[in-house]
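See below for query00.cif, which holds mmCIF, C-alpha atoms.
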data_data
#
loop_
_atom_site.label_atom_id
_atom_site.label_comp_id
_atom_site.auth_asym_id
_atom_site.auth_seq_id
_atom_site.Cartn_x
_atom_site.Cartn_y
_atom_site.Cartn_z
CA ASP A 29 4.36 23.90 2.79
CA LEU A 30 5.56 21.28 0.29
CA ARG A 31 9.23 22.19 0.69
CA ALA A 32 8.87 22.14 4.48
CA ALA A 33 7.01 18.82 4.29
CA PHE A 34 9.86 17.25 2.34
CA SER A 35 12.51 18.38 4.82
CA LYS A 36 10.36 17.32 7.80
CA GLY A 37 9.53 13.88 6.39
CA GLU A 38 5.75 14.38 6.14
CA PHE A 39 5.45 12.21 3.01
CA GLU A 40 4.74 8.50 3.16
CA LEU A 41 4.10 5.70 0.71
CA HIS A 42 1.07 3.46 0.66
CA TYR A 43 0.85 0.33 -1.48
CA GLN A 44 -2.09 -1.05 -3.46
CA PRO A 45 -1.97 -4.73 -4.51
CA LEU A 46 -1.87 -5.84 -8.15
CA VAL A 47 -3.58 -9.21 -8.46
CA ASP A 48 -2.73 -11.85 -11.08
CA ILE A 49 -6.16 -13.10 -12.22
CA ALA A 50 -5.10 -16.54 -13.48
CA ALA A 51 -2.91 -17.41 -10.48
CA ASN A 52 -5.21 -15.64 -7.96
CA ARG A 53 -2.23 -14.15 -6.15
CA ILE A 54 -0.73 -10.74 -5.41
CA SER A 55 1.91 -10.20 -8.09
CA GLY A 56 2.97 -6.73 -6.98
CA PHE A 57 2.07 -3.44 -5.32
CA GLU A 58 1.76 0.04 -6.79
CA SER A 59 3.38 2.63 -4.52
CA LEU A 60 1.23 5.72 -4.02
CA LEU A 61 2.47 8.91 -2.41
CA ARG A 62 0.58 10.46 0.53
CA TRP A 63 1.16 13.75 2.36
CA ARG A 64 0.23 13.80 6.04
CA HIS A 65 -0.12 17.56 6.60
CA PRO A 66 0.10 18.59 10.30
CA GLN A 67 -2.99 20.86 10.02
CA LYS A 68 -4.91 19.64 6.97
CA GLY A 69 -4.49 15.90 7.51
CA MET A 70 -3.98 13.49 4.60
CA ILE A 71 -3.69 15.34 1.26
CA SER A 72 -4.33 13.55 -2.04
CA PRO A 73 -1.48 13.41 -4.60
CA ALA A 74 -3.91 14.82 -7.19
CA GLU A 75 -3.73 18.08 -5.22
CA PHE A 76 -0.03 18.35 -4.46
CA ILE A 77 1.80 16.55 -7.30
CA PRO A 78 1.06 19.30 -9.90
CA VAL A 79 2.41 21.89 -7.43
CA ALA A 80 5.50 19.77 -6.74
CA GLU A 81 6.05 19.58 -10.52
CA ASP A 82 5.63 23.35 -10.93
CA ILE A 83 8.16 24.23 -8.22
CA GLY A 84 10.67 21.55 -9.28
CA LEU A 85 10.36 19.54 -6.06
CA ILE A 86 9.13 16.46 -7.92
CA VAL A 87 12.66 15.42 -8.93
CA ALA A 88 13.93 15.14 -5.33
CA LEU A 89 10.57 13.75 -4.19
CA GLY A 90 10.59 11.20 -7.03
CA GLU A 91 14.08 10.01 -6.02
CA TRP A 92 12.89 9.61 -2.42
CA VAL A 93 9.89 7.57 -3.62
CA LEU A 94 12.14 5.27 -5.69
CA ARG A 95 14.50 4.66 -2.75
CA GLU A 96 11.67 4.14 -0.27
CA ALA A 97 9.64 1.80 -2.54
CA CYS A 98 12.65 -0.36 -3.43
CA ALA A 99 13.69 -0.66 0.24
CA GLU A 100 10.13 -1.60 1.24
CA ALA A 101 9.86 -4.21 -1.53
CA MET A 102 12.92 -5.99 -0.13
CA LYS A 103 10.73 -7.04 2.82
CA TRP A 104 8.27 -8.83 0.52
CA PRO A 105 8.43 -12.31 -1.08
CA ALA A 106 10.97 -12.53 -3.94
CA ASP A 107 8.29 -12.90 -6.64
CA VAL A 108 6.37 -9.72 -5.67
CA LYS A 109 7.13 -6.57 -7.68
CA VAL A 110 6.84 -2.89 -6.79
CA ALA A 111 5.50 -0.28 -9.23
CA VAL A 112 6.53 3.39 -9.05
CA ASN A 113 4.91 6.25 -10.99
CA LEU A 114 7.21 8.61 -12.85
CA SER A 115 6.47 12.25 -13.70
CA PRO A 116 7.37 13.70 -17.14
CA VAL A 117 9.34 16.34 -15.18
CA GLN A 118 11.66 13.60 -13.89
CA PHE A 119 12.56 12.81 -17.51
CA ARG A 120 13.54 16.43 -18.10
CA SER A 121 15.96 16.39 -15.15
CA ARG A 122 18.19 13.90 -17.06
CA ASN A 123 19.10 12.25 -13.75
CA LEU A 124 16.37 9.62 -13.85
CA VAL A 125 18.43 6.60 -14.93
CA GLN A 126 21.05 7.33 -12.26
CA ALA A 127 18.29 7.71 -9.63
CA VAL A 128 16.89 4.26 -10.54
CA ILE A 129 20.37 2.66 -10.51
CA SER A 130 21.03 4.24 -7.10
CA ALA A 131 17.68 3.10 -5.60
CA LEU A 132 18.27 -0.47 -6.78
CA ALA A 133 21.86 -0.50 -5.53
CA HIS A 134 21.03 0.91 -2.08
CA SER A 135 18.12 -1.45 -1.51
CA GLY A 136 19.60 -4.56 -3.17
CA LEU A 137 16.31 -5.04 -5.05
CA PRO A 138 16.76 -6.99 -8.33
CA ALA A 139 15.85 -4.78 -11.32
CA ARG A 140 13.27 -7.32 -12.55
CA ARG A 141 11.18 -6.58 -9.42
CA LEU A 142 10.86 -2.86 -10.20
CA GLU A 143 8.15 -1.60 -12.53
CA LEU A 144 8.09 2.03 -13.68
CA GLU A 145 4.76 3.55 -14.71
CA ILE A 146 4.60 6.45 -17.14
CA THR A 147 1.71 8.29 -18.76
CA GLU A 148 1.71 9.13 -22.45
CA SER A 149 2.43 12.79 -21.64
CA VAL A 150 6.08 11.64 -21.52
CA PHE A 151 5.84 11.42 -25.33
CA LEU A 152 4.30 14.85 -25.87
CA ALA A 153 7.61 16.73 -25.55
CA GLU A 154 11.25 15.81 -26.24
CA THR A 155 10.08 12.44 -27.52
CA GLU A 156 13.44 11.23 -28.84
CA ALA A 157 15.32 12.08 -25.63
CA ASN A 158 12.62 10.49 -23.48
CA LEU A 159 12.57 7.36 -25.65
CA ALA A 160 16.32 7.06 -25.20
CA ILE A 161 15.86 7.26 -21.41
CA LEU A 162 13.13 4.58 -21.53
CA HIS A 163 15.47 2.28 -23.48
CA GLN A 164 18.24 2.88 -20.92
CA LEU A 165 15.84 1.98 -18.13
CA ARG A 166 14.76 -1.18 -19.96
CA GLU A 167 18.43 -2.17 -20.36
CA LEU A 168 18.77 -2.09 -16.55
CA GLY A 169 16.19 -4.89 -16.45
CA VAL A 170 13.25 -2.92 -15.00
CA SER A 171 9.82 -3.15 -16.65
CA ILE A 172 7.94 -0.18 -18.11
CA SER A 173 4.16 0.28 -17.95
CA MET A 174 1.91 2.68 -19.83
CA ASP A 175 -0.55 4.07 -17.27
CA ASP A 176 -4.11 5.37 -17.97
CA PHE A 177 -4.09 3.72 -21.39
CA GLY A 178 -6.77 4.88 -23.80
CA THR A 179 -7.44 8.28 -22.21
CA GLY A 180 -4.94 10.42 -24.12
CA TYR A 181 -4.08 11.29 -27.70
CA SER A 182 -2.43 8.57 -29.75
CA SER A 183 -1.57 5.63 -27.51
CA LEU A 184 -1.39 3.13 -30.37
CA SER A 185 1.56 4.88 -32.01
CA TYR A 186 3.38 4.84 -28.65
CA LEU A 187 3.05 1.06 -28.53
CA ARG A 188 4.94 1.00 -31.83
CA SER A 189 7.64 3.38 -30.68
CA PHE A 190 8.51 1.54 -27.45
CA PRO A 191 8.16 -2.12 -26.37
CA PHE A 192 6.08 -1.67 -23.20
CA ASP A 193 5.88 -4.56 -20.73
CA LYS A 194 2.43 -3.59 -19.51
CA ILE A 195 -0.54 -1.39 -20.38
CA LYS A 196 -2.92 -0.29 -17.64
CA ILE A 197 -6.58 0.05 -18.62
CA ASP A 198 -7.92 3.26 -17.11
CA ARG A 199 -10.55 2.99 -14.36
CA SER A 200 -13.00 5.08 -16.42
CA PHE A 201 -13.50 2.09 -18.76
CA VAL A 202 -13.73 -0.44 -15.92
CA LYS A 203 -16.31 1.58 -13.95
CA ASP A 204 -19.11 1.17 -16.51
CA LEU A 205 -18.05 -2.23 -17.83
CA ALA A 206 -21.30 -4.02 -16.95
CA ARG A 207 -23.56 -1.14 -18.07
CA ARG A 208 -22.02 0.22 -21.26
CA ALA A 209 -21.28 -1.77 -24.39
CA ASP A 210 -18.68 0.78 -25.56
CA CYS A 211 -16.62 0.33 -22.36
CA LEU A 212 -16.72 -3.45 -22.79
CA ALA A 213 -15.66 -3.09 -26.45
CA ILE A 214 -12.71 -0.87 -25.46
CA VAL A 215 -11.57 -3.27 -22.70
CA ARG A 216 -11.89 -6.19 -25.13
CA ALA A 217 -9.84 -4.32 -27.75
CA ILE A 218 -7.07 -3.39 -25.29
CA SER A 219 -6.89 -6.96 -23.92
CA GLY A 220 -6.68 -8.34 -27.47
CA LEU A 221 -4.00 -5.81 -28.31
CA GLY A 222 -2.03 -6.86 -25.23
CA ARG A 223 -2.26 -10.54 -26.17
CA SER A 224 -1.18 -9.88 -29.77
CA LEU A 225 1.79 -7.72 -28.71
CA LYS A 226 2.64 -9.98 -25.72
CA ILE A 227 2.07 -7.09 -23.31
CA THR A 228 0.51 -7.65 -19.88
CA THR A 229 -2.83 -5.85 -19.36
CA THR A 230 -3.83 -4.53 -15.93
CA ALA A 231 -7.29 -3.11 -15.21
CA GLU A 232 -7.48 -0.32 -12.62
CA GLY A 233 -10.35 0.63 -10.33
CA VAL A 234 -11.93 -2.81 -9.93
CA GLU A 235 -14.59 -2.52 -7.21
CA THR A 236 -17.08 -5.35 -7.82
CA THR A 237 -16.98 -9.10 -8.51
CA ASP A 238 -19.07 -8.39 -11.62
CA GLN A 239 -16.30 -6.21 -13.03
CA LEU A 240 -13.73 -8.88 -12.13
CA ASP A 241 -15.76 -11.56 -13.95
CA TRP A 242 -16.02 -9.40 -17.08
CA LEU A 243 -12.28 -8.66 -17.03
CA ARG A 244 -11.43 -12.33 -16.55
CA ALA A 245 -13.69 -13.25 -19.48
CA GLU A 246 -12.00 -10.63 -21.68
CA GLY A 247 -8.54 -12.03 -20.92
CA CYS A 248 -7.11 -9.29 -18.70
CA ASN A 249 -3.98 -10.46 -16.89
CA GLU A 250 -4.01 -8.32 -13.75
CA VAL A 251 -6.42 -6.20 -11.71
CA GLN A 252 -6.21 -3.66 -8.91
CA GLY A 253 -8.86 -1.80 -6.95
CA PHE A 254 -10.92 -1.61 -3.77
CA LEU A 255 -12.39 -5.08 -4.39
CA PHE A 256 -9.03 -6.40 -3.18
CA SER A 257 -7.70 -3.57 -1.04
CA ALA A 258 -7.20 0.17 -0.83
CA ALA A 259 -3.59 1.36 -0.69
CA LYS A 260 -2.07 0.44 2.69
CA PRO A 261 1.05 1.59 4.57
CA GLY A 262 4.11 -0.68 4.39
CA SER A 263 3.49 -1.95 7.93
CA GLU A 264 0.26 -3.66 6.76
CA ILE A 265 1.65 -5.41 3.68
CA ALA A 266 2.74 -8.66 5.38
CA GLY A 267 -0.76 -9.09 6.85
CA LEU A 268 -2.35 -8.34 3.49
CA LEU A 269 -0.16 -10.93 1.72
CA SER A 270 -0.94 -13.68 4.23
CA LYS A 271 -4.68 -12.84 4.27
CA PHE A 272 -4.80 -12.99 0.47
CA ALA A 273 -2.83 -16.28 0.36
CA GLU A 274 -5.22 -17.76 2.93
CA ARG A 275 -8.27 -16.61 0.96
CA ALA A 276 -6.80 -17.99 -2.29
CA SER A 277 -6.08 -21.41 -0.73
CA LYS A 278 -9.67 -21.61 0.61
CA ALA A 279 -11.02 -20.75 -2.85
CA ALA A 280 -8.81 -23.45 -4.40
#
What does the file become when written as structure tokens?
Amino acid sequence: DLRAAFSKGEFELHYQPLVDIAANRISGFESLLRWRHPQKGMISPAEFIPVAEDIGLIVALGEWVLREACAEAMKWPADVKVAVNLSPVQFRSRNLVQAVISALAHSGLPARRLELEITESVFLAETEANLAILHQLRELGVSISMDDFGTGYSSLSYLRSFPFDKIKIDRSFVKDLARRADCLAIVRAISGLGRSLKITTTAEGVETTDQLDWLRAEGCNEVQGFLFSAAKPGSEIAGLLSKFAERASKAA
């Protein structure tokens, strides 16, 4: 089904806003893959991405996502970035840097407007080779984010081995922020770490104004979550940007 879906164009990208807390503006969008199955309807990436990785389809699919996201971002204001998630399997293909160069060249998107998100599983195998690829990507001018920070094995050592531009605080810590002192302590520690290392911190899964207030107080730079918007198709982005700008100007 996945192979057929790819050839028939059943995949689509939706975009969730990243909001700059201090400026109260949308600073970027994270592109999220969706599969509109003709019988089963919309299928979550959590279900099909592992299968796509197992059968090797993720490399071609990942290249399509890069091209599509960069082309879509060209329709947005020049200060709005696009973030794309990378799979560890894409690193193994050794074609990743070329795929990024190609997506930027075809779309005309400046490299500084592309953000690549990786999880720490990229470091669990072939670390040296993968680090070399990350450095090549950085040299292109794109930014690199560490996704799901704090949920894996030894994130702190990864921050020493590569100069990340951003660390994303996992939603599991944000969810219980107001109720659990340990979650607040972890968020505070990650924000402080970000400030000390001059790395942007983004909190995922923000659903309430309470959570937003806590994150603002702890010095988080960016937030994303249903409080602002679910992921939307590209056709709805212009409306989302103008609605947010209008709301921000009223608040000011």
Of the listed residues A:Gly69, A:Gly90, A:Gly56, A:Pro78, that which approaches A:Leu142 most closely, counting only C-alpha atoms
A:Gly56
So that I can check the surroundings of A:Lys103, please list as a list in words every protein, DNA and RNA residue that reaches within 12 Å of it, counting all atoms listed in the file and ignoring chain neighbours fewer than 5 positions away.
Glu96, Ala97, Cys98, Val108, Lys109, Val110, Ser135, Gly136, Leu137, Gly262, Ser263, Glu264, Ile265, Ala266 and Leu269 of chain A
Residue members of the PyMOL selection byres ((chain A and resi 192) around 12) in the file shown, as a PyMOL selection string
chain A and resi 143-148+159+162-163+165-166+170-175+177+183-191+193-196+222+225-229
Would you put the residues from that selection into a file with C-alpha atoms, as a PDB file, keeping the file's coordinate frame?
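Resulting contents of result_19.pdb:
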ATOM      1  CA  GLU A 143       8.150  -1.600 -12.530  1.00  0.00           C
ATOM      2  CA  LEU A 144       8.090   2.030 -13.680  1.00  0.00           C
ATOM      3  CA  GLU A 145       4.760   3.550 -14.710  1.00  0.00           C
ATOM      4  CA  ILE A 146       4.600   6.450 -17.140  1.00  0.00           C
ATOM      5  CA  THR A 147       1.710   8.290 -18.760  1.00  0.00           C
ATOM      6  CA  GLU A 148       1.710   9.130 -22.450  1.00  0.00           C
ATOM      7  CA  LEU A 159      12.570   7.360 -25.650  1.00  0.00           C
ATOM      8  CA  LEU A 162      13.130   4.580 -21.530  1.00  0.00           C
ATOM      9  CA  HIS A 163      15.470   2.280 -23.480  1.00  0.00           C
ATOM     10  CA  LEU A 165      15.840   1.980 -18.130  1.00  0.00           C
ATOM     11  CA  ARG A 166      14.760  -1.180 -19.960  1.00  0.00           C
ATOM     12  CA  VAL A 170      13.250  -2.920 -15.000  1.00  0.00           C
ATOM     13  CA  SER A 171       9.820  -3.150 -16.650  1.00  0.00           C
ATOM     14  CA  ILE A 172       7.940  -0.180 -18.110  1.00  0.00           C
ATOM     15  CA  SER A 173       4.160   0.280 -17.950  1.00  0.00           C
ATOM     16  CA  MET A 174       1.910   2.680 -19.830  1.00  0.00           C
ATOM     17  CA  ASP A 175      -0.550   4.070 -17.270  1.00  0.00           C
ATOM     18  CA  PHE A 177      -4.090   3.720 -21.390  1.00  0.00           C
ATOM     19  CA  SER A 183      -1.570   5.630 -27.510  1.00  0.00           C
ATOM     20  CA  LEU A 184      -1.390   3.130 -30.370  1.00  0.00           C
ATOM     21  CA  SER A 185       1.560   4.880 -32.010  1.00  0.00           C
ATOM     22  CA  TYR A 186       3.380   4.840 -28.650  1.00  0.00           C
ATOM     23  CA  LEU A 187       3.050   1.060 -28.530  1.00  0.00           C
ATOM     24  CA  ARG A 188       4.940   1.000 -31.830  1.00  0.00           C
ATOM     25  CA  SER A 189       7.640   3.380 -30.680  1.00  0.00           C
ATOM     26  CA  PHE A 190       8.510   1.540 -27.450  1.00  0.00           C
ATOM     27  CA  PRO A 191       8.160  -2.120 -26.370  1.00  0.00           C
ATOM     28  CA  ASP A 193       5.880  -4.560 -20.730  1.00  0.00           C
ATOM     29  CA  LYS A 194       2.430  -3.590 -19.510  1.00  0.00           C
ATOM     30  CA  ILE A 195      -0.540  -1.390 -20.380  1.00  0.00           C
ATOM     31  CA  LYS A 196      -2.920  -0.290 -17.640  1.00  0.00           C
ATOM     32  CA  GLY A 222      -2.030  -6.860 -25.230  1.00  0.00           C
ATOM     33  CA  LEU A 225       1.790  -7.720 -28.710  1.00  0.00           C
ATOM     34  CA  LYS A 226       2.640  -9.980 -25.720  1.00  0.00           C
ATOM     35  CA  ILE A 227       2.070  -7.090 -23.310  1.00  0.00           C
ATOM     36  CA  THR A 228       0.510  -7.650 -19.880  1.00  0.00           C
ATOM     37  CA  THR A 229      -2.830  -5.850 -19.360  1.00  0.00           C
TER      38      THR A 229
END
Return the single residue from A:Ile86, A:Leu46, A:Leu30, A:Val215 that is closest to A:Gly247, with distances computed using only C-alpha atoms.
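Among A:Ile86, A:Leu46, A:Leu30, A:Val215, it is A:Val215 that comes nearest to A:Gly247.
Once the PyMOL selection byres ((chain A and resi 211) around 12) is applied to this file, the selection holds Gly178, Ile197, Asp198, Arg199, Ser200, Phe201, Val202, Lys203, Asp204, Leu205, Ala206, Arg207, Arg208, Ala209, Asp210, Leu212, Ala213, Ile214, Val215, Arg216, Ala217, Ile218, Gln239, Trp242, Leu243 and Glu246 of chain A.
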Could you please determine the separation between atom CA of A:Pro116 and atom CA of A:Phe39 in Å, to one decimal place?
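For atom CA of A:Pro116 relative to atom CA of A:Phe39, the distance reads 20.3 Å.
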For A:Ile129, work out the shell of residues within 10 Å, counting only C-alpha atoms and skipping chain neighbours fewer than 2 positions away, then give it as number ranges by chain.
A: 94-95, 124-127, 131-134, 139, 165, 168
Determine the nearest neighbour of A:Cys248 from the options A:Lys68, A:Asp82, A:Ala50, A:Trp104, counting all atoms listed in the file.
A:Ala50
Compare A:Glu81, A:Glu40, A:Glu154, A:Glu100 by their minimum atom-to-atom distance to A:Gln118, counting only C-alpha atoms, and give me the closest one.
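When distances to A:Gln118 are compared using only C-alpha atoms, the smallest one comes from A:Glu81.
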Selection: 7 Å around A:Val47, all atoms listed in the file, excl. self and same-chain fewer than 2 positions, as a list in words
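Once the adjacent positions are removed, what remains is Pro45, Ile49, Asn52, Arg53, Ile54, Ser55, Glu250, Val251 and Gln252 of chain A.
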Work out how far atom CA of A:Arg120 is from atom CA of A:Val93, in Å to one decimal.
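For atom CA of A:Val93 relative to atom CA of A:Arg120, the distance reads 17.4 Å.
Note that atom CA of A:Phe76 and atom CA of A:Val117 are 14.4 Å apart.
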